[in-house]
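Novice: Before I ask anything, here is the structure I am working with.
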Amino acid sequence: MIGTLQAKLEYLRSKNIHKWLGGYARQRLENARAPRPSGPRHLLFAVCDHWEPGWENATPEVGDARVRAWSERYPEMAGAYRDADGRPPRHSFFFPGEQYTPGWLDALADLTRRGFGEVELHLHHHNDTLENLRADILRYLDILGKHGHFSRGADGRMRYGFIHGNWCLANSGRDSSNCGVDAELPLLFETGCYADYTFPSAPDESQHGIVNQIYWPTGNLARRGAHTVGERARVGEVLEDRILMIEGPLALALRRRGSRLRVRMEYGALQAIDPPTPERVKTWVDQNIHIEGRPEWVFVKVYAHGAPEDQAESLLGAGGHALHRELTTRYNDGKEWVLHYVTAREMYNIALAALEGKTGDPGDYRDHRLKPPPCAS
């Protein structure tokens with residue numbers, strides 16, 4: 001009996017649950033105490049895809065085929081569904097700069113023009129330095145931006161959302177092998193990043209204790225793991241000198257296997273081996289991620305590694321249809337829920353509108369501060 005218990009505890013520790021369980025418990029308690037808004041709630045739904053056609057050192061021919069599958073099949077699948085604003089699902093392609101191939105970015109520009117998504121920046125880096133990372137980011141922004149990707153600020157500077165390719169944002173791993181740059185957050189802000197979408201990263205070691213929140217990192221932003229300390233974003237407080245952290249759902253949920261109930265870790269990953277189900281969607285929504293003071297706007301950000309064949313087959317086929325059938329029926333009745341498909345940029349704009357005290361229909365604020373990328377027109 002003791003041996004069995006020890007084995008279970010070791011298993012849980014290997015999944016790094018101890019790093020976030022306390023934060024999760026506090027968040028659940030806050031949700032239980034929070035008053036429910038009257039009237040319908042608005043669901044802001046985004047898929048932030050770590051989209052890597054060159055996954056596992058694929059040949060150019062394999063990468064081309066992966067991109068072609070998305071170019072041809074995503075509009076067909078997504079075109080069958082509409083949100084309350086009449087828009088189809090909008091995919092955020094976080095593209096790894098180090099996999100730059102001109103034709104792949106042209107294909108994504110075409111999907112953007114057709115209203116099916118937008119491109120943001122994904123980056124893997126190892127044992128890096130501040131100077132080298134700055135040069136890499138600026139180079140990737142330049143070459144991807146020449147295809148019309150990324151929003152432009154009022155000064156013409158490119159603005160982008162970010163996902164860390166190795167999860168270990170701000171050098172938060174056990175060593176520098178999956179990052180190397182302590183001061184990554186200030187560097188991201190300096191180069192035009194508006195928000196980070198890396199988390200949750202569970203069960204990876206980089207998962208931290210702030211879960212199911214939209215928040216501002218606080219304290220010394222140049223320190224290692226600066227994002228692990230922060231303050232929840234709330235109406236009336238906009239910090240203009242740092243990036244916003246926008247998290248997806250992280251939870252413990254019950255799953256039935258035959259006659260037995262088991263606890264599963266839910267971290268919002270769309271996978272071929274774990275496709276979307278109504279139960280999973282409900283768990284995402286139930287985490288109630290929102291700007292404090294604007295509880296009627298609920299944010300759900302899930303993620304995928306959607307380019308490889310098995311993942312693409314699920315997202316572009318049965319898994320994608322199952323997800324959007326559930327969203328457009330259960331969460332778009334106009335009485336309890338109003339659905340809005342958003343890109344990462346649009347999700348940020350709507351969060352910013354909430355922070356500034358805007359009310360009403362969040363769909364009105366898709367382009368609130370950051371405008372669509374040039375290729376969208």
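Chain identifiers are assigned as A, B, and so on, following the order in which chains appear in the structure tokens; residues are numbered from 1 within each chain, and ligands are numbered from 1 in order of appearance.
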Would you kindly return, as a compact mmCIF listing (two decimals) with C-alpha atoms, in the first residue's frame, each protein, DNA or RNA residue with an atom no farther than 10 Å from any atom of Glu240 in chain A, considering only C-alpha atoms and excluding same-chain residues fewer than 3 positions away?

Specialist:
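The file below, around_20.txt, is the result:
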# COMPACT_ATOMS: atom_id res chain seq x y z
CA PHE A 189 8.65 44.38 -25.22
CA TYR A 194 2.43 42.97 -27.03
CA GLU A 237 -5.23 49.52 -14.86
CA ILE A 243 3.86 42.75 -22.22
CA LEU A 244 0.60 41.18 -21.09

Novice: At a cut-off of 10 Å, can you tabulate as JSON lines every residue of range 135-202 of chain A near range 346-352 of chain A together with its closest atom pair and the distance in Å to one decimal, using only C-alpha atoms and ordering rows by chain then number?

Specialist:
{"residue": "A:Gly161", "atom": "CA", "partner": "A:Tyr348", "partner_atom": "CA", "distance": 8.9}
{"residue": "A:Tyr194", "atom": "CA", "partner": "A:Tyr348", "partner_atom": "CA", "distance": 7.9}
{"residue": "A:Ala195", "atom": "CA", "partner": "A:Tyr348", "partner_atom": "CA", "distance": 7.1}
{"residue": "A:Asp196", "atom": "CA", "partner": "A:Tyr348", "partner_atom": "CA", "distance": 9.8}

Novice: Go ahead and save the residues from that selection, with N, CA, C and O atoms, as an mmCIF file, in the first residue's frame.

Specialist:
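After the write, out_6.cif holds the following:
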data_model
loop_
_atom_site.group_PDB
_atom_site.id
_atom_site.type_symbol
_atom_site.label_atom_id
_atom_site.label_comp_id
_atom_site.auth_asym_id
_atom_site.auth_seq_id
_atom_site.Cartn_x
_atom_site.Cartn_y
_atom_site.Cartn_z
ATOM 1 N N GLY A 161 2.573 38.879 -31.217
ATOM 2 C CA GLY A 161 2.380 37.987 -30.090
ATOM 3 C C GLY A 161 3.456 36.922 -30.117
ATOM 4 O O GLY A 161 4.022 36.607 -31.166
ATOM 5 N N TYR A 194 3.512 42.409 -27.840
ATOM 6 C CA TYR A 194 2.430 42.973 -27.026
ATOM 7 C C TYR A 194 1.925 41.990 -25.975
ATOM 8 O O TYR A 194 1.403 42.399 -24.945
ATOM 9 N N ALA A 195 2.052 40.676 -26.218
ATOM 10 C CA ALA A 195 1.550 39.686 -25.255
ATOM 11 C C ALA A 195 2.236 38.358 -25.472
ATOM 12 O O ALA A 195 2.646 38.019 -26.589
ATOM 13 N N ASP A 196 2.348 37.593 -24.397
ATOM 14 C CA ASP A 196 2.885 36.239 -24.447
ATOM 15 C C ASP A 196 1.753 35.238 -24.279
ATOM 16 O O ASP A 196 0.877 35.408 -23.430
#

Novice: What's around range 14-16 of chain A at 7 Å? Count only C-alpha atoms, leave out sequence neighbours fewer than 5 positions away in its own chain, and write the answer as a list in words.

Specialist: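 Selected residues are Pro203, Asp204 and Glu205 of chain A.
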
Novice: Leaving out Asp182 in chain A and any residue of its chain fewer than 6 positions from it, which residues lie within 10 Å of it when counting only C-alpha atoms, given as a PyMOL selection string?

Specialist: chain A and resi 128-130+169-172+176+221-226

Novice: Write out, as a PDB file, in the first residue's frame, the residues just selected, with N, CA, C and O atoms.

Specialist:
ATOM      1  N   ASP A 128      21.209  30.833 -25.230  1.00  0.00           N
ATOM      2  CA  ASP A 128      21.267  32.056 -26.023  1.00  0.00           C
ATOM      3  C   ASP A 128      21.842  33.214 -25.217  1.00  0.00           C
ATOM      4  O   ASP A 128      22.033  33.132 -23.997  1.00  0.00           O
ATOM      5  N   THR A 129      22.099  34.312 -25.903  1.00  0.00           N
ATOM      6  CA  THR A 129      22.505  35.560 -25.262  1.00  0.00           C
ATOM      7  C   THR A 129      21.512  36.651 -25.631  1.00  0.00           C
ATOM      8  O   THR A 129      20.780  36.542 -26.626  1.00  0.00           O
ATOM      9  N   LEU A 130      21.496  37.710 -24.847  1.00  0.00           N
ATOM     10  CA  LEU A 130      20.575  38.811 -25.084  1.00  0.00           C
ATOM     11  C   LEU A 130      20.810  39.427 -26.458  1.00  0.00           C
ATOM     12  O   LEU A 130      19.856  39.680 -27.208  1.00  0.00           O
ATOM     13  N   LEU A 169      10.296  30.311 -20.968  1.00  0.00           N
ATOM     14  CA  LEU A 169      10.342  31.767 -21.106  1.00  0.00           C
ATOM     15  C   LEU A 169      11.229  32.374 -20.026  1.00  0.00           C
ATOM     16  O   LEU A 169      11.209  31.934 -18.871  1.00  0.00           O
ATOM     17  N   ALA A 170      12.013  33.386 -20.410  1.00  0.00           N
ATOM     18  CA  ALA A 170      12.875  34.108 -19.472  1.00  0.00           C
ATOM     19  C   ALA A 170      13.800  33.157 -18.718  1.00  0.00           C
ATOM     20  O   ALA A 170      14.040  33.311 -17.524  1.00  0.00           O
ATOM     21  N   ASN A 171      14.301  32.137 -19.449  1.00  0.00           N
ATOM     22  CA  ASN A 171      15.309  31.225 -18.909  1.00  0.00           C
ATOM     23  C   ASN A 171      14.830  30.511 -17.650  1.00  0.00           C
ATOM     24  O   ASN A 171      15.586  30.316 -16.689  1.00  0.00           O
ATOM     25  N   SER A 172      13.549  30.097 -17.645  1.00  0.00           N
ATOM     26  CA  SER A 172      12.942  29.549 -16.434  1.00  0.00           C
ATOM     27  C   SER A 172      13.079  28.039 -16.297  1.00  0.00           C
ATOM     28  O   SER A 172      12.470  27.439 -15.408  1.00  0.00           O
ATOM     29  N   SER A 176      20.152  26.564 -18.811  1.00  0.00           N
ATOM     30  CA  SER A 176      19.983  27.489 -19.928  1.00  0.00           C
ATOM     31  C   SER A 176      19.773  26.792 -21.270  1.00  0.00           C
ATOM     32  O   SER A 176      19.724  27.467 -22.303  1.00  0.00           O
ATOM     33  N   LEU A 221      11.677  42.946 -14.092  1.00  0.00           N
ATOM     34  CA  LEU A 221      11.323  42.179 -15.281  1.00  0.00           C
ATOM     35  C   LEU A 221      12.538  41.597 -15.989  1.00  0.00           C
ATOM     36  O   LEU A 221      12.379  40.766 -16.895  1.00  0.00           O
ATOM     37  N   ALA A 222      13.736  41.999 -15.596  1.00  0.00           N
ATOM     38  CA  ALA A 222      14.944  41.463 -16.216  1.00  0.00           C
ATOM     39  C   ALA A 222      15.474  40.241 -15.478  1.00  0.00           C
ATOM     40  O   ALA A 222      16.463  39.652 -15.911  1.00  0.00           O
ATOM     41  N   ARG A 223      14.804  39.856 -14.394  1.00  0.00           N
ATOM     42  CA  ARG A 223      15.310  38.714 -13.641  1.00  0.00           C
ATOM     43  C   ARG A 223      14.859  37.399 -14.299  1.00  0.00           C
ATOM     44  O   ARG A 223      13.921  37.376 -15.084  1.00  0.00           O
ATOM     45  N   ARG A 224      15.508  36.344 -13.955  1.00  0.00           N
ATOM     46  CA  ARG A 224      15.169  35.024 -14.473  1.00  0.00           C
ATOM     47  C   ARG A 224      13.750  34.643 -14.034  1.00  0.00           C
ATOM     48  O   ARG A 224      13.381  34.803 -12.874  1.00  0.00           O
ATOM     49  N   GLY A 225      12.960  34.155 -14.970  1.00  0.00           N
ATOM     50  CA  GLY A 225      11.597  33.733 -14.650  1.00  0.00           C
ATOM     51  C   GLY A 225      10.718  34.871 -14.170  1.00  0.00           C
ATOM     52  O   GLY A 225       9.842  34.665 -13.314  1.00  0.00           O
ATOM     53  N   ALA A 226      10.879  36.062 -14.728  1.00  0.00           N
ATOM     54  CA  ALA A 226      10.137  37.232 -14.238  1.00  0.00           C
ATOM     55  C   ALA A 226       8.631  37.042 -14.337  1.00  0.00           C
ATOM     56  O   ALA A 226       7.872  37.613 -13.544  1.00  0.00           O
TER      57      ALA A 226
END

Novice: Which polymer residues have any atom within 6 Å of an atom of range 288-290 of chain A, counting only C-alpha atoms, with same-chain residues fewer than 4 positions away left out, as a list in words?

Specialist: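 What passes the distance filter is Asn212, Gln213, Pro295, Val298 and Phe299 of chain A.
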
Novice: Closest to Lys146 in chain A among A:Leu133, A:Leu315, A:Leu105, A:Ile163, using only C-alpha atoms?

Specialist: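 Residue with the minimum atom-to-atom distance to Lys146 in chain A: A:Leu105.
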
Novice: Residues at most 9 Å from Val263 in chain A, counting only C-alpha atoms, excluding those fewer than 3 positions away in the same chain, as a PyMOL selection string?

Specialist: chain A and resi 252-256

Novice: Determine which residues of range 89-203 of chain A receive a DSSP assignment of strand (DSSP E), computed from the backbone, and state them as an NGL selection string.

Specialist: :A and (91-96 or 117-123 or 151-152 or 158-164 or 193-196)

Novice: Looking at A:Ile246, A:Glu296, A:Asn57, A:Glu309, which one is nearest to Ala34 in chain A, with distances taken over only C-alpha atoms?

Specialist: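 Ranked by minimum distance to Ala34 in chain A, first place goes to A:Glu296.
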